[in-house]
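Asker: Supplied in structure tokens, the structure appears directly below.
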Protein chains: 2
Amino acid sequence: MLKISERGQSMPPSPIRKLVPFAEAARKRGTHVFHLNIGQPDVETPPSILEAVRKADIRVLEYSHSAGNESYRRKLVQYYKKAGIHLGIEDIIITTGGSEAIMFGFFTCLNDGDEVIIPEPYYANYNGFAVQAGVKVVPITSYIETGFALPPISDFEKIITPKTKAIIICNPNNPTGYLYSREEMEALKEICLKHDLYLFSDEAYREFCYDGEYISALHLQGLEEHVVLMDTISKRYSACGARIGAFITKNKAVLSAAMKFAQARLSPPGLAQILGEAAIDLPETYFDEPKREYQERRDLMVKRLQEMPGVFCPTPGGAFYAIARLPIDDADTFCQWLLESFSLKKNTVMLAPASGFYGTAGLGKDEVRLAYVLNKQDLSDAMDCLEEALKIYPGKVSIHQATNADVIA
Amino acid sequence: MLKISERGQSMPPSPIRKLVPFAEAARKRGTHVFHLNIGQPDVETPPSILEAVRKADIRVLEYSHSAGNESYRRKLVQYYKKAGIHLGIEDIIITTGGSEAIMFGFFTCLNDGDEVIIPEPYYANYNGFAVQAGVKVVPITSYIETGFALPPISDFEKIITPKTKAIIICNPNNPTGYLYSREEMEALKEICLKHDLYLFSDEAYREFCYDGEYISALHLQGLEEHVVLMDTISKRYSACGARIGAFITKNKAVLSAAMKFAQARLSPPGLAQILGEAAIDLPETYFDEPKREYQERRDLMVKRLQEMPGVFCPTPGGAFYAIARLPIDDADTFCQWLLESFSLKKNTVMLAPASGFYGTAGLGKDEVRLAYVLNKQDLSDAMDCLEEALKIYPGKVSIHQATNADVIA
């Protein structure tokens with residue numbers, strides 16, 4: 001009998017998408033669904049970068065260089081320089097979204113059976129890429145009580161084995177919104193140097209830091225050979241559908257091996273490279289407006305959450321996500337109930353159960369991730385829904401260990 | 001010490017690209033290089049499909065469905081129907097080029113250590129995808145003397161083991177241009193049914209068949225559950241840089257597992273999906289012109305090759321490639337010599353040594369692949385170069401077993 005591969009069987013389905021049929025049913029019943037479940041911003045894609053695609057003079061849409069157009073890579077060198085990251089064009093491979101950059105990292109640096117440590121909760125698709133590469137994800141728990149700060153180095157030391165080859169961070173973090181401090185980044189550097197580990201750094205949300213300083217993994221002096229930076233224009237320019245990212249490393253052996261994977265798939269998307277290249281020419285002030293907008297949304301949403309009885313939500317320092325602990329029995333059940341059985345003024349809200357972002361079974365059962373990707377009015381209406389839902393949800397529970405006051409103090 | 005993964009080390013570099021530095025050096029010396037080494041057509045991308053991208057009303061360039069836009073998949077159902085392939089939209093996942101479709105096939109259907117049989121010479125990037133998936137390519141030799149016809153089924157039977165899980169064909173073939181006959185396709189069907197193998201069918205060149213009938217793997221009645229069709233718009237619409245392909249199967253378990261890989265990478269390129277969708281609306285007659293053009297180029301090139309003393313080149317039935325055996329010591333040396341040491345009227349020609357398309361070491365040493373992707377004047381000038389080069393190349397040899405007459409007879 002024909003069989004599906006072991007990888008195909010153990011590949012996890014998207015934890016975010018499993019609620020989609022319930023959202024579709026809600027819509028069919030005439031209920032409007034506020035989507036706080038996915039990181040798809042409603043911010044306008046800069047018209048000038050779409051215009052650059054329209055204006056491009058293309059007779060034959062040819063393969064580009066496997067590392068991406070040289071003109072684009074030259075521009076990216078300028079972009080990163082402004083972020084304090086000093087690169088040559090030979091350090092950059094343009095990828096099909098951040099996803100492909102992550103895959104290139106796994107395939108280039110990790111063997112079947114190797115282990116990667118990832119602070120949990122973490123971006124769920126790392127699991128999928130790990131299955132593809134035969135790599136074992138070893139989660140290290142960060143806690144909502146500390147706002148999802150980096151776990152202490154002693155916790156890392158406990159789980160490092162001879163199979164451990166890399167640590168993955170996402171900074172600022174999806175799904176927690178946590179922004180790693182200089183001290184935390186330095187601690188990561190020390191442990192990577194001590195144990196000879198790669199540091200895979202997913203920096204998709206670099207421009208969206210509201211409190212504190214942004215430290216790139218490539219700012220860490222002396223760690224250059226260990227760092228693989230995985231990047232994407234998806235969130236930066238609200239261009240998720242373009243599928244343009246970058247695989248960046250100063251480690252020449254890693255880059256040269258990654259180039260072979262890049263050559264096998266020929267080239268990254270051509271039209272979208274034009275868009276990405278044009279984005280580098282946006283004025284310096286471009287990020288002011290979306291950043292201010294996201295910060296206001298964060299402030300609005302987190303304040304509303306913190307005011308709800310029994311809800312605990314540390315204030316995230318960056319990206320456009322927050323994780324909240326709710327006074328509920330089970331977030332999967334609750335999120336489905338919101339779509340199936342609840343509405344307020346013909347509205348409801350779709351959230352992502354946080355359990356899908358934890359590698360350790362049983363964690364995050366009463367937590368949800370909220371993406372503040374909607375405008376303030378929608379966000380406010382969505383919070384009205386959540387507030388009302390928490391009053392009447394049959395699986396409501398009342399006791400929690402931490403309160404917002406604990407963290408604010 | 002930080003290490004590159006075993007996959008990263010054993011990943012083959014592109015056999016086509018290794019000559020690139022020599023071509024660049026030739027250009028710098030002022031020599032024009034006719035590129036017959038890669039399948040990058042000079043045919044114009046249909047202006048109307050680029051115009052569709054320009055006209056698209058996009059406020060936010062959002063993620064698409066992980067299987068691709070539903071509107072595009074609906075159109076593809078129509079496209080395939082015209083090719084005699086009857087699909088529902090649920091049988092199709094839009095991919096990032098044909099490359100991703102091939103990867104999804106490997107990851108979904110094959111385990112680490114499994115074997116796939118591929119008639120050689122074959123598309124060299126299959127090797128790279130096999131390394132990524134930990135799969136062993138078992139080549140089965142097809143011979144220039146028979147025009148690269150499918151090897152006899154008895155040859156397949158000899159190399160099938162319990163580890164064999166799939167056969168890969170490319171039809172019409174890259175790199176040989178061979179078009180499989182109905183009898184050959186039926187033979188493949190029988191062997192796949194008998195040994196419970198998947199048939200991965202790469203049909204990138206479907207529209208470019210000049211002699212004989214095109215048979216899709218999905219035309220084979222009773223084999224539907226075994227077939228994974230890997231497709232791309234790259235060559236069809238001269239849109240290689242778009243990076244749009246398709247993973248197609250009637251096997252629901254395979255499709256559903258492949259969808260998990262598709263979800264992990266979120267979505268295929270958005271702008272290029274608009275282009276792909278517009279291509280389905282091209283008039284029925286659209287292919288007449290590029291097909292006629294390619295056929296004339298084939299006729300011109302193959303005739304010139306067959307007239308050169310000591311050159312043997314079977315006439316390919318489809319795609320836009322031919323393999324020729326040359327009266328030379330070593331094709332790698334010869335192709336490099338063409339770029340480094342030869343010019344005729346300030347021109348030279350770049351060819352792909354065929355050894356890179358064989359899985360069996362030592363085969364194809366005196367063969368080259370030529371892609372007839374240039375206009376007839378350039379192609380004719382390129383043939384002038386080759387003809388002259390073969391007269392003066394220091395590593396010229398004179399004896400060959402087969403002659404064109406053998407095959408024409």
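Convention: chains lettered A, B, ... in structure tokens order; per-chain residue numbering from 1; ligands numbered from 1 as shown.
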Give me, as a VMD selection string, the residues of stretch 240-325 of chain A that a backbone DSSP run labels helix (DSSP H, G or I).

Answerer: chain A and resid 240 to 242 252 to 264 270 to 279 284 to 307

Asker: Quick check: residues of chain A within 7 Å of chain B, only C-alpha atoms, returned as a PyMOL selection string.

Answerer: chain A and resi 1-9+11-14+40+42-45+54+59-64+99+107-111+125+128+196-197+238-243+254+257+260+263-265+269-272

Asker: State, in Å with one decimal place, the distance from atom CA of B:Asp155 to atom CA of B:Ala331.

Answerer: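 Here the two named atoms are 27.3 Å from each other.
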
Asker: Give me the stretch 206-245 of chain A side of the contact with stretch 304-322 of chain A, cut-off 9 Å, one line per residue showing its nearest atom pair and distance in Å at one decimal, counting only C-alpha atoms, sorted by chain and residue number, as a Markdown table.

Answerer:
| residue | atom | partner | partner_atom | distance |
| --- | --- | --- | --- | --- |
| A:Arg206 | CA | A:Ala319 | CA | 7.7 |
| A:Glu207 | CA | A:Ala319 | CA | 8.1 |
| A:Phe208 | CA | A:Ala319 | CA | 5.2 |
| A:Cys209 | CA | A:Gly318 | CA | 4.1 |
| A:Tyr210 | CA | A:Gly317 | CA | 5.5 |
| A:Asp211 | CA | A:Gly317 | CA | 5.1 |
| A:Gly212 | CA | A:Gly317 | CA | 7.2 |
| A:Lys235 | CA | A:Ala319 | CA | 9.0 |

Asker: Among stretch 12-219 of chain A, which ones does DSSP assign to strand (DSSP E) (computed from the backbone)? Answer as an MDAnalysis selection string.

Answerer: chainID A and resid 32:35 92:95 115:120 136:141 164:170 198:202
